[in-house]
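See below for upload18.txt, which holds compact mmCIF, C-alpha atoms and all ligand atoms.
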# COMPACT_ATOMS: atom_id res chain seq x y z
CA MET N 1 18.77 7.78 85.92
CA ALA N 2 19.30 10.94 87.98
CA THR N 3 20.88 10.48 91.42
CA ASP N 4 19.03 11.85 94.43
CA ARG N 5 21.87 11.46 96.91
CA LEU N 6 25.52 12.28 96.58
CA VAL N 7 28.13 11.39 99.21
CA MET N 8 31.54 12.95 98.66
CA THR N 9 34.78 13.80 100.43
CA ARG N 10 34.29 16.96 102.50
CA PRO N 11 35.22 19.91 100.25
CA ASP N 12 37.40 23.00 100.88
CA ASP N 13 36.96 26.55 99.64
CA TRP N 14 40.17 27.75 98.00
CA HIS N 15 39.14 31.43 97.86
CA LEU N 16 37.07 33.08 100.57
CA HIS N 17 36.46 36.47 102.19
CA VAL N 18 35.22 36.36 105.78
CA ARG N 19 35.90 40.00 106.78
CA ASP N 20 36.63 40.89 110.39
CA GLY N 21 35.09 42.12 113.64
CA GLU N 22 31.41 41.62 114.24
CA ALA N 23 30.78 40.42 110.66
CA LEU N 24 33.09 37.40 111.13
CA SER N 25 30.76 35.37 113.30
CA ASP N 26 27.81 36.10 110.99
CA VAL N 27 29.47 34.63 107.91
CA LEU N 28 31.78 31.90 109.22
CA GLY N 29 28.97 29.46 109.98
CA ALA N 30 27.90 29.47 106.33
CA THR N 31 31.35 28.21 105.33
CA GLY N 32 31.94 25.93 108.33
CA ARG N 33 28.69 24.01 107.73
CA CYS N 34 30.22 22.58 104.54
CA PHE N 35 33.91 23.26 104.03
CA ALA N 36 36.69 21.83 106.20
CA ARG N 37 39.22 24.48 105.21
CA ALA N 38 39.32 27.74 103.31
CA ILE N 39 41.99 29.95 101.84
CA VAL N 40 41.22 33.23 103.59
CA MET N 41 41.76 36.41 101.61
CA PRO N 42 43.89 39.12 103.24
CA ASN N 43 42.14 42.27 101.92
CA LEU N 44 41.22 43.71 105.31
CA LYS N 45 41.71 47.29 106.40
CA PRO N 46 44.63 47.38 107.11
CA PRO N 47 45.62 44.46 104.86
CA VAL N 48 47.20 41.27 106.21
CA THR N 49 50.73 42.02 105.02
CA THR N 50 52.76 40.18 107.67
CA VAL N 51 52.89 36.79 109.35
CA ALA N 52 52.15 38.52 112.67
CA ARG N 53 48.94 40.02 111.25
CA ALA N 54 47.97 36.70 109.70
CA ALA N 55 48.44 34.98 113.07
CA ALA N 56 46.25 37.53 114.84
CA TYR N 57 43.56 37.33 112.12
CA ARG N 58 43.61 33.54 112.30
CA ASP N 59 43.06 33.71 116.07
CA ARG N 60 40.08 36.04 115.57
CA ILE N 61 38.59 33.65 113.00
CA LEU N 62 39.01 30.64 115.28
CA ALA N 63 37.49 32.55 118.21
CA ALA N 64 34.46 33.54 116.09
CA MET N 65 33.89 30.04 114.70
CA PRO N 66 31.01 28.05 116.17
CA ALA N 67 32.54 25.57 118.66
CA GLU N 68 31.22 22.46 116.90
CA ALA N 69 32.75 23.35 113.53
CA ALA N 70 36.17 21.77 113.00
CA PHE N 71 37.27 24.43 110.53
CA GLU N 72 40.81 25.30 109.54
CA PRO N 73 41.50 28.76 108.12
CA LEU N 74 44.39 28.67 105.65
CA MET N 75 45.90 32.14 105.83
CA THR N 76 47.38 34.27 103.06
CA LEU N 77 49.60 37.35 102.99
CA TYR N 78 48.76 40.46 100.99
CA LEU N 79 51.55 41.26 98.54
CA THR N 80 52.66 44.90 98.34
CA ASP N 81 55.45 46.75 96.55
CA ASN N 82 57.35 46.50 99.84
CA THR N 83 56.89 42.85 100.84
CA THR N 84 60.36 41.65 101.82
CA PRO N 85 61.96 38.29 101.06
CA ASP N 86 62.41 37.91 104.84
CA GLU N 87 58.65 38.15 105.39
CA ILE N 88 58.16 35.52 102.69
CA ARG N 89 60.62 33.21 104.44
CA ARG N 90 58.82 33.73 107.75
CA ALA N 91 55.55 32.86 106.00
CA ALA N 92 57.02 29.67 104.57
CA GLU N 93 58.33 28.62 107.98
CA CYS N 94 55.05 29.12 109.85
CA GLU N 95 52.39 26.44 109.79
CA PHE N 96 49.40 28.55 108.83
CA VAL N 97 50.30 30.79 105.87
CA HIS N 98 49.69 28.88 102.64
CA ALA N 99 49.94 31.49 99.89
CA VAL N 100 50.49 35.14 98.99
CA LYS N 101 47.80 37.19 97.24
CA TYR N 102 48.49 39.67 94.47
CA TYR N 103 46.01 42.50 93.97
CA PRO N 104 46.84 45.11 91.37
CA ALA N 105 46.60 48.43 93.27
CA GLY N 106 43.07 49.78 92.96
CA ALA N 107 41.55 46.70 91.26
CA THR N 108 38.92 45.87 93.86
CA THR N 109 37.73 46.04 97.50
CA ASN N 110 40.56 47.17 99.80
CA SER N 111 43.22 46.84 97.16
CA ASP N 112 44.76 50.31 97.62
CA SER N 113 47.93 48.82 99.09
CA GLY N 114 48.25 46.34 96.24
CA VAL N 115 51.13 46.08 93.82
CA THR N 116 51.63 49.12 91.54
CA ASP N 117 54.10 47.36 89.26
CA LEU N 118 54.94 43.65 89.26
CA ALA N 119 58.63 44.53 88.79
CA ARG N 120 58.60 46.06 92.29
CA ALA N 121 57.36 42.79 93.78
CA MET N 122 60.07 40.72 92.05
CA PRO N 123 62.27 40.20 95.14
CA ALA N 124 59.26 38.83 97.05
CA LEU N 125 58.14 36.71 94.09
CA GLU N 126 61.62 35.24 93.70
CA ALA N 127 61.67 34.40 97.39
CA MET N 128 58.27 32.72 97.03
CA GLN N 129 59.61 30.64 94.19
CA GLU N 130 62.60 29.66 96.33
CA VAL N 131 60.53 28.60 99.35
CA ASP N 132 57.71 27.19 97.17
CA LEU N 133 54.92 29.42 98.45
CA PRO N 134 52.09 29.78 95.89
CA LEU N 135 51.09 33.11 94.36
CA LEU N 136 47.36 33.81 94.09
CA LEU N 137 46.47 36.28 91.38
CA HIS N 138 43.66 38.74 91.04
CA GLY N 139 44.25 38.73 87.30
CA GLU N 140 42.98 42.04 86.03
CA VAL N 141 44.67 45.17 84.76
CA THR N 142 43.51 48.43 86.28
CA ASP N 143 44.23 50.57 83.24
CA GLY N 144 41.24 52.91 82.78
CA GLU N 145 41.72 52.75 79.01
CA ILE N 146 40.86 49.06 78.97
CA ASP N 147 37.22 48.04 78.83
CA VAL N 148 36.17 46.55 82.17
CA PHE N 149 35.05 43.34 80.49
CA ASP N 150 38.49 42.89 78.89
CA ARG N 151 40.68 43.42 81.93
CA GLU N 152 41.29 39.76 82.67
CA ALA N 153 42.24 38.89 79.10
CA VAL N 154 44.57 41.89 78.93
CA PHE N 155 46.20 40.94 82.26
CA ILE N 156 47.00 37.50 80.85
CA GLU N 157 48.46 38.97 77.70
CA ARG N 158 50.42 41.80 79.33
CA HIS N 159 51.55 40.23 82.59
CA LEU N 160 50.70 36.61 83.30
CA ASP N 161 52.32 35.08 80.28
CA ARG N 162 55.58 36.76 81.21
CA LEU N 163 55.28 36.00 84.92
CA VAL N 164 54.95 32.29 84.20
CA ARG N 165 58.07 32.43 82.03
CA ASP N 166 60.15 34.66 84.35
CA LEU N 167 59.43 32.55 87.44
CA PRO N 168 59.75 29.04 86.03
CA GLU N 169 59.07 27.20 89.29
CA LEU N 170 56.59 29.44 91.08
CA ARG N 171 53.20 27.83 91.69
CA MET N 172 50.36 30.17 90.76
CA VAL N 173 46.59 30.20 90.97
CA LEU N 174 44.68 32.49 88.65
CA GLU N 175 41.77 33.23 90.97
CA HIS N 176 38.10 33.42 90.01
CA VAL N 177 38.62 32.93 86.26
CA THR N 178 35.90 34.51 84.14
CA THR N 179 36.86 34.11 80.48
CA SER N 180 37.65 31.49 77.85
CA ASP N 181 41.00 33.31 77.54
CA ALA N 182 41.81 32.40 81.15
CA VAL N 183 40.67 28.82 80.68
CA ASP N 184 42.80 28.45 77.55
CA PHE N 185 45.83 30.03 79.21
CA VAL N 186 45.66 27.89 82.35
CA SER N 187 44.95 24.71 80.41
CA ALA N 188 48.01 25.23 78.20
CA ALA N 189 50.31 26.34 81.06
CA PRO N 190 52.57 23.99 83.05
CA ASP N 191 51.00 21.97 85.89
CA ARG N 192 52.15 24.51 88.46
CA VAL N 193 49.56 26.96 87.10
CA ALA N 194 45.97 26.37 88.25
CA ALA N 195 42.72 28.31 88.62
CA THR N 196 39.78 28.64 90.97
CA VAL N 197 36.24 28.97 89.62
CA THR N 198 33.37 30.59 91.53
CA VAL N 199 29.83 29.27 91.39
CA HIS N 200 28.40 32.62 90.30
CA HIS N 201 30.71 32.76 87.28
CA LEU N 202 29.56 29.22 86.41
CA MET N 203 25.88 30.08 86.79
CA LEU N 204 25.49 33.57 85.40
CA ASN N 205 26.36 35.50 82.30
CA ARG N 206 26.45 39.29 82.12
CA ASN N 207 22.76 39.55 81.28
CA ALA N 208 22.22 38.77 84.97
CA LEU N 209 23.61 42.22 85.80
CA PHE N 210 20.75 43.89 83.94
CA ASP N 211 17.89 41.42 84.27
CA GLY N 212 14.82 43.68 84.17
CA GLY N 213 16.84 46.38 85.95
CA LEU N 214 20.21 46.89 87.58
CA ARG N 215 21.15 43.90 89.77
CA PRO N 216 23.78 45.01 92.28
CA HIS N 217 23.94 41.60 93.98
CA HIS N 218 25.40 40.14 90.81
CA TYR N 219 28.14 42.75 90.69
CA CYS N 220 31.55 41.27 91.49
CA LEU N 221 35.10 41.57 90.21
CA PRO N 222 36.16 40.31 87.83
CA LEU N 223 32.75 40.94 86.26
CA ILE N 224 30.58 38.10 85.01
CA LYS N 225 31.06 37.85 81.26
CA ARG N 226 29.31 36.73 78.05
CA GLU N 227 27.56 33.37 77.75
CA ARG N 228 30.38 31.89 75.66
CA HIS N 229 32.80 32.58 78.51
CA ARG N 230 30.45 31.05 81.07
CA ARG N 231 30.27 27.93 78.93
CA ALA N 232 34.05 27.72 78.75
CA LEU N 233 34.22 27.94 82.56
CA VAL N 234 31.64 25.18 82.96
CA GLU N 235 33.55 23.02 80.51
CA ALA N 236 36.81 23.57 82.43
CA ALA N 237 35.35 23.04 85.91
CA THR N 238 33.55 19.85 84.89
CA SER N 239 36.38 18.55 82.68
CA GLY N 240 38.06 16.58 85.45
CA SER N 241 41.29 18.55 84.93
CA PRO N 242 43.17 18.92 88.25
CA LYS N 243 44.06 22.49 87.26
CA PHE N 244 40.57 23.75 88.09
CA PHE N 245 39.16 23.75 91.60
CA LEU N 246 36.51 25.26 93.81
CA GLY N 247 36.96 28.79 95.15
CA THR N 248 33.72 30.57 95.95
CA ASP N 249 35.11 34.11 96.31
CA SER N 250 32.14 34.51 98.66
CA ALA N 251 32.54 38.21 99.48
CA PRO N 252 29.95 39.60 101.89
CA HIS N 253 28.99 43.28 101.90
CA PRO N 254 26.08 44.80 103.83
CA LYS N 255 22.90 45.20 101.77
CA GLY N 256 23.14 48.99 101.82
CA ALA N 257 26.72 48.97 100.51
CA LYS N 258 25.60 46.88 97.52
CA GLU N 259 22.36 48.77 96.84
CA SER N 260 24.03 52.15 96.56
CA ASP N 261 24.95 54.68 93.89
CA CYS N 262 28.50 53.31 94.02
CA GLY N 263 27.95 49.76 95.13
CA CYS N 264 30.61 47.32 96.36
CA ALA N 265 31.73 44.31 94.33
CA GLY N 266 31.12 40.88 95.81
CA VAL N 267 28.66 37.99 95.78
CA PHE N 268 27.78 36.23 99.05
CA SER N 269 27.54 32.58 98.06
CA ALA N 270 28.76 30.74 101.17
CA PRO N 271 25.23 29.83 102.40
CA ASN N 272 24.44 27.75 99.31
CA ALA N 273 27.69 27.39 97.37
CA ILE N 274 28.11 23.61 97.29
CA GLU N 275 24.43 23.13 96.49
CA LEU N 276 24.66 25.53 93.52
CA TYR N 277 27.89 23.96 92.24
CA ALA N 278 26.00 20.63 92.36
CA GLU N 279 23.27 22.14 90.17
CA VAL N 280 25.84 23.32 87.63
CA PHE N 281 27.61 19.96 87.51
CA GLU N 282 24.33 18.09 87.27
CA ALA N 283 23.14 20.27 84.38
CA THR N 284 26.14 19.09 82.35
CA GLY N 285 25.56 15.44 83.31
CA ARG N 286 28.86 15.43 85.22
CA LEU N 287 27.78 15.36 88.84
CA ASP N 288 30.30 12.56 89.36
CA ARG N 289 33.09 15.09 88.74
CA LEU N 290 32.03 17.48 91.49
CA GLU N 291 34.10 15.63 94.09
CA GLY N 292 37.35 16.06 92.17
CA PHE N 293 36.71 19.76 91.63
CA ALA N 294 35.49 20.49 95.16
CA SER N 295 37.50 18.09 97.30
CA HIS N 296 40.56 16.67 95.53
CA HIS N 297 42.19 19.06 93.06
CA GLY N 298 42.64 21.91 95.58
CA PRO N 299 44.48 19.99 98.32
CA ASP N 300 46.56 18.20 95.69
CA PHE N 301 47.69 21.54 94.27
CA TYR N 302 48.40 23.02 97.71
CA ARG N 303 50.13 19.78 98.78
CA LEU N 304 47.83 19.29 101.72
CA PRO N 305 46.08 16.05 102.64
CA ARG N 306 42.58 15.52 101.25
CA ASN N 307 39.87 15.66 103.91
CA ARG N 308 38.88 12.38 105.50
CA GLY N 309 35.22 13.12 106.32
CA THR N 310 32.32 13.24 103.87
CA ILE N 311 29.29 15.39 103.17
CA THR N 312 25.95 14.27 101.80
CA LEU N 313 23.85 16.21 99.32
CA THR N 314 20.26 15.15 98.70
CA ARG N 315 17.78 16.26 96.09
CA SER N 316 15.43 18.14 98.35
CA PRO N 317 14.56 21.66 97.16
CA TRP N 318 14.61 24.55 99.63
CA SER N 319 14.17 28.33 99.48
CA VAL N 320 17.08 30.71 100.02
CA PRO N 321 16.26 33.47 102.54
CA GLU N 322 15.84 36.99 101.12
CA GLU N 323 18.34 38.36 103.65
CA LEU N 324 20.59 37.12 106.43
CA PRO N 325 21.98 38.93 109.51
CA PHE N 326 25.27 40.75 108.97
CA ALA N 327 26.77 42.81 111.81
CA ASP N 328 24.39 45.75 112.36
CA SER N 329 22.88 45.28 108.88
CA THR N 330 21.74 42.43 106.65
CA ILE N 331 23.19 40.71 103.64
CA VAL N 332 21.57 39.38 100.47
CA PRO N 333 22.88 35.91 99.51
CA LEU N 334 23.21 34.57 95.99
CA ARG N 335 19.82 33.46 94.60
CA ALA N 336 18.00 35.21 97.47
CA GLY N 337 14.33 34.22 97.55
CA GLY N 338 14.91 31.52 94.92
CA ARG N 339 14.87 27.73 95.08
CA VAL N 340 17.89 25.43 95.26
CA ALA N 341 17.61 21.83 94.11
CA TRP N 342 20.16 20.24 96.42
CA ARG N 343 20.33 20.24 100.19
CA LEU N 344 23.36 19.65 102.40
CA GLU N 345 22.52 17.13 105.12
CA ASP N 346 23.65 17.98 108.67
O1 LIG N 401 33.86 40.86 93.84
C1 LIG N 401 34.86 40.90 94.55
N1 LIG N 401 34.79 41.11 95.89
N2 LIG N 401 36.05 40.76 93.98
C2 LIG N 401 37.19 40.93 94.66
O2 LIG N 401 38.23 40.81 94.08
C3 LIG N 401 37.16 41.33 96.08
C4 LIG N 401 35.92 40.95 96.72
C5 LIG N 401 35.71 41.63 98.07
O3 LIG N 401 36.60 41.58 98.91
O4 LIG N 401 34.63 42.21 98.28
ZN ZN N 402 38.21 37.43 96.20
What's the structure tokens form of this structure?
Amino acid sequence: MATDRLVMTRPDDWHLHVRDGEALSDVLGATGRCFARAIVMPNLKPPVTTVARAAAYRDRILAAMPAEAAFEPLMTLYLTDNTTPDEIRRAAECEFVHAVKYYPAGATTNSDSGVTDLARAMPALEAMQEVDLPLLLHGEVTDGEIDVFDREAVFIERHLDRLVRDLPELRMVLEHVTTSDAVDFVSAAPDRVAATVTVHHLMLNRNALFDGGLRPHHYCLPLIKRERHRRALVEAATSGSPKFFLGTDSAPHPKGAKESDCGCAGVFSAPNAIELYAEVFEATGRLDRLEGFASHHGPDFYRLPRNRGTITLTRSPWSVPEELPFADSTIVPLRAGGRVAWRLED
């Protein structure tokens, strides 16, 4: 018989964009209502390349957070060609930096300062291995010759396989996996290699980009892929394997920046993420595995304690707003105007 109520350990979001400035306070509440902690992406302008910048950004996040939310931002540094081993050591010594993010230069939003060649980042990567600071990978090549739908698979083949071998102790998370190639690679890799899975990549295949017309709110990077890849992601996320855990990649952009002739990549899923993950898990008959994926595997990988509190989801359908406030604009959340089966109790 189907459950109508699910109580589980409070989850964390292991991949999140909250932006900066005025936008911060508009989006933080959507995360804080559900997640106790989140790995905060460093792709600001300018990027969060140092511990000092991470400390200042963390202070701005805490100041913008609603007072009642006991939310802990887990900060990351943005890896560049010039990140020094000293900066990595400072990051490992501070209490609040938990990982370093690799963006290939030019791959996505604010990635211009990203790494141009992994060989240049080797001194920093070796230092990370030494101090045991995890590497978070935006796993796509930027080579214009490679089809945009193949860029994750080619990254694995050209770079990741070698990285895992060359740095035999470095912990790595292949972020927002989108293909069966990524699932197969991570599953076969040593335990120190894990992956986050977004809810939009679990829910949608690439038809959703062109459903009766061009759908800019489903445009994100890496792109959503074919149905067979979506199925492989669902299988991995609901498998119970500790290598796969929740990372929404909720990435807010103002409505006008998405609905444009050169629209930004990013899906804003924070307002209904856990509810939509619950739908996906329920559809496979594995709702009982949501807690592991959302609340246990992430902290275990990051070597942080699991949360002590709980959340309650009830089967109580509600309608997602068409738009939400976002700085001096609005933002269109995932499944805007649609119905969601599960509701998060206060
Ligand atoms: O869709 C995406 N949006 N993918 C990324 O890698 C970056 C993110 C953003 O910051 O907007
Ligand atoms: Zn991201």
* To do: Name each residue within 7 Å of ligand ZN 402 (chain N), counting all atoms listed in the file, as an NGL selection string.
  => :N and (15-17 or 41 or 249 or 251)
* So what do you get for atom CA of Leu24 of chain N versus atom CA of Ile61 of chain N, distance-wise? -> 6.9 Å
Give one line per residue of chain N that approaches ligand LIG 401 (chain N) to at most 6 Å, naming the two atoms of the closest pair and their distance in Å to one decimal, counting only C-alpha atoms and all ligand atoms; sort by chain then ascending residue number and deliver it as CSV.
residue,atom,partner,partner_atom,distance
N:Thr108,CA,N:LIG401,O2,5.1
N:Thr109,CA,N:LIG401,O3,4.8
N:Cys220,CA,N:LIG401,O1,3.3
N:Leu221,CA,N:LIG401,O1,3.9
N:Ala251,CA,N:LIG401,O4,4.7
N:Ala265,CA,N:LIG401,O1,4.1
N:Gly266,CA,N:LIG401,O1,3.4
* To do: Find the residues near Ala107 of chain N: any atom within 12 Å, counting all atoms listed in the file, skip ones fewer than 5 places away on the same chain, and give them as a PyMOL selection string.
  => chain N and resi 43+102+112-116+137-144+148+151-152+155+220-223+265
* Asked: So how many Å separate atom CA of Gln129 of chain N and atom CA of His159 of chain N, to one decimal?
  ->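 Here the two named atoms are 17.1 Å from each other.
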* Any idea what the distance is between atom CA of Asp26 of chain N and atom CA of Asp261 of chain N? ->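 These atoms are spaced 25.4 Å apart.
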* **Among the residues N:Tyr277, N:Phe293, N:Tyr219, N:Phe268, the one that comes closest to Lys243 of chain N [using all atoms listed in the file]** =>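 Smallest distance to Lys243 of chain N is found for N:Phe293.
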* Asked: Could you name the residues that touch segment 307-321 of chain N at 6 Å or less, counting only C-alpha atoms, but leaving out those on the same chain fewer than 3 positions away, as number ranges by chain?
  -> N: 4-10, 336-345
Take the selection from the previous step and output its residues with C-alpha atoms, as an mmCIF file, keeping the file's coordinate frame.
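Result written to selection14.cif:
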data_model
loop_
_atom_site.group_PDB
_atom_site.id
_atom_site.type_symbol
_atom_site.label_atom_id
_atom_site.label_comp_id
_atom_site.auth_asym_id
_atom_site.auth_seq_id
_atom_site.Cartn_x
_atom_site.Cartn_y
_atom_site.Cartn_z
ATOM 1 C CA ASP N 4 19.030 11.850 94.430
ATOM 2 C CA ARG N 5 21.870 11.460 96.910
ATOM 3 C CA LEU N 6 25.520 12.280 96.580
ATOM 4 C CA VAL N 7 28.130 11.390 99.210
ATOM 5 C CA MET N 8 31.540 12.950 98.660
ATOM 6 C CA THR N 9 34.780 13.800 100.430
ATOM 7 C CA ARG N 10 34.290 16.960 102.500
ATOM 8 C CA ALA N 336 18.000 35.210 97.470
ATOM 9 C CA GLY N 337 14.330 34.220 97.550
ATOM 10 C CA GLY N 338 14.910 31.520 94.920
ATOM 11 C CA ARG N 339 14.870 27.730 95.080
ATOM 12 C CA VAL N 340 17.890 25.430 95.260
ATOM 13 C CA ALA N 341 17.610 21.830 94.110
ATOM 14 C CA TRP N 342 20.160 20.240 96.420
ATOM 15 C CA ARG N 343 20.330 20.240 100.190
ATOM 16 C CA LEU N 344 23.360 19.650 102.400
ATOM 17 C CA GLU N 345 22.520 17.130 105.120
#
* To do: Select all residues near (41.5, 37.8, 81.0) (cut-off 10 Å, inclusive, file coordinates), counting only C-alpha atoms, and output them as a VMD selection string.
  => chain N and resid 139 to 141 149 to 158 160 174 177 to 183 185 222
* Asked: For Ala69 of chain N, which residue out of N:Thr238, N:Ala30, N:Asp147, N:Asp211 is the nearest one, using only C-alpha atoms?
  ->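 Of N:Thr238, N:Ala30, N:Asp147, N:Asp211, the one nearest Ala69 of chain N is N:Ala30, counting only C-alpha atoms.
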* **7 Å contact set for Glu259 of chain N, only C-alpha atoms, chain neighbours under 4 positions out, as a list in words** =>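 The neighbour list is Pro216, Lys255 and Gly263 of chain N.
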* Selection near Val193 of chain N, 6 Å with all atoms listed in the file, sequence-local residues under 4 positions removed, as a PyMOL selection string -> chain N and resi 171-173
* Which protein, DNA or RNA residues have an atom at most 12 Å from (61.1, 23.3, 88.4), counting only C-alpha atoms? List them as an NGL selection string. -> :N and (129-130 or 132 or 164-165 or 167-171 or 190-192)
* To do: Pick out the residues sitting within 6 Å of Asn205 of chain N, and hand them over as a count of residues only; count all atoms listed in the file, and ignore anything fewer than 2 positions along from it in its own chain.
  => 6
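Of the residues listed (N:Asn110, N:Ser239, N:Ser250, N:Thr84), N:Ser250 shows the shortest atom-to-atom separation from His176 of chain N; distances use only C-alpha atoms.
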* **N:Ile146, N:Ala99, N:Leu74, N:Thr196 ranked by distance to Pro134 of chain N, top pick (using all atoms listed in the file)** =>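 Of N:Ile146, N:Ala99, N:Leu74, N:Thr196, the one nearest Pro134 of chain N is N:Ala99, counting all atoms listed in the file.
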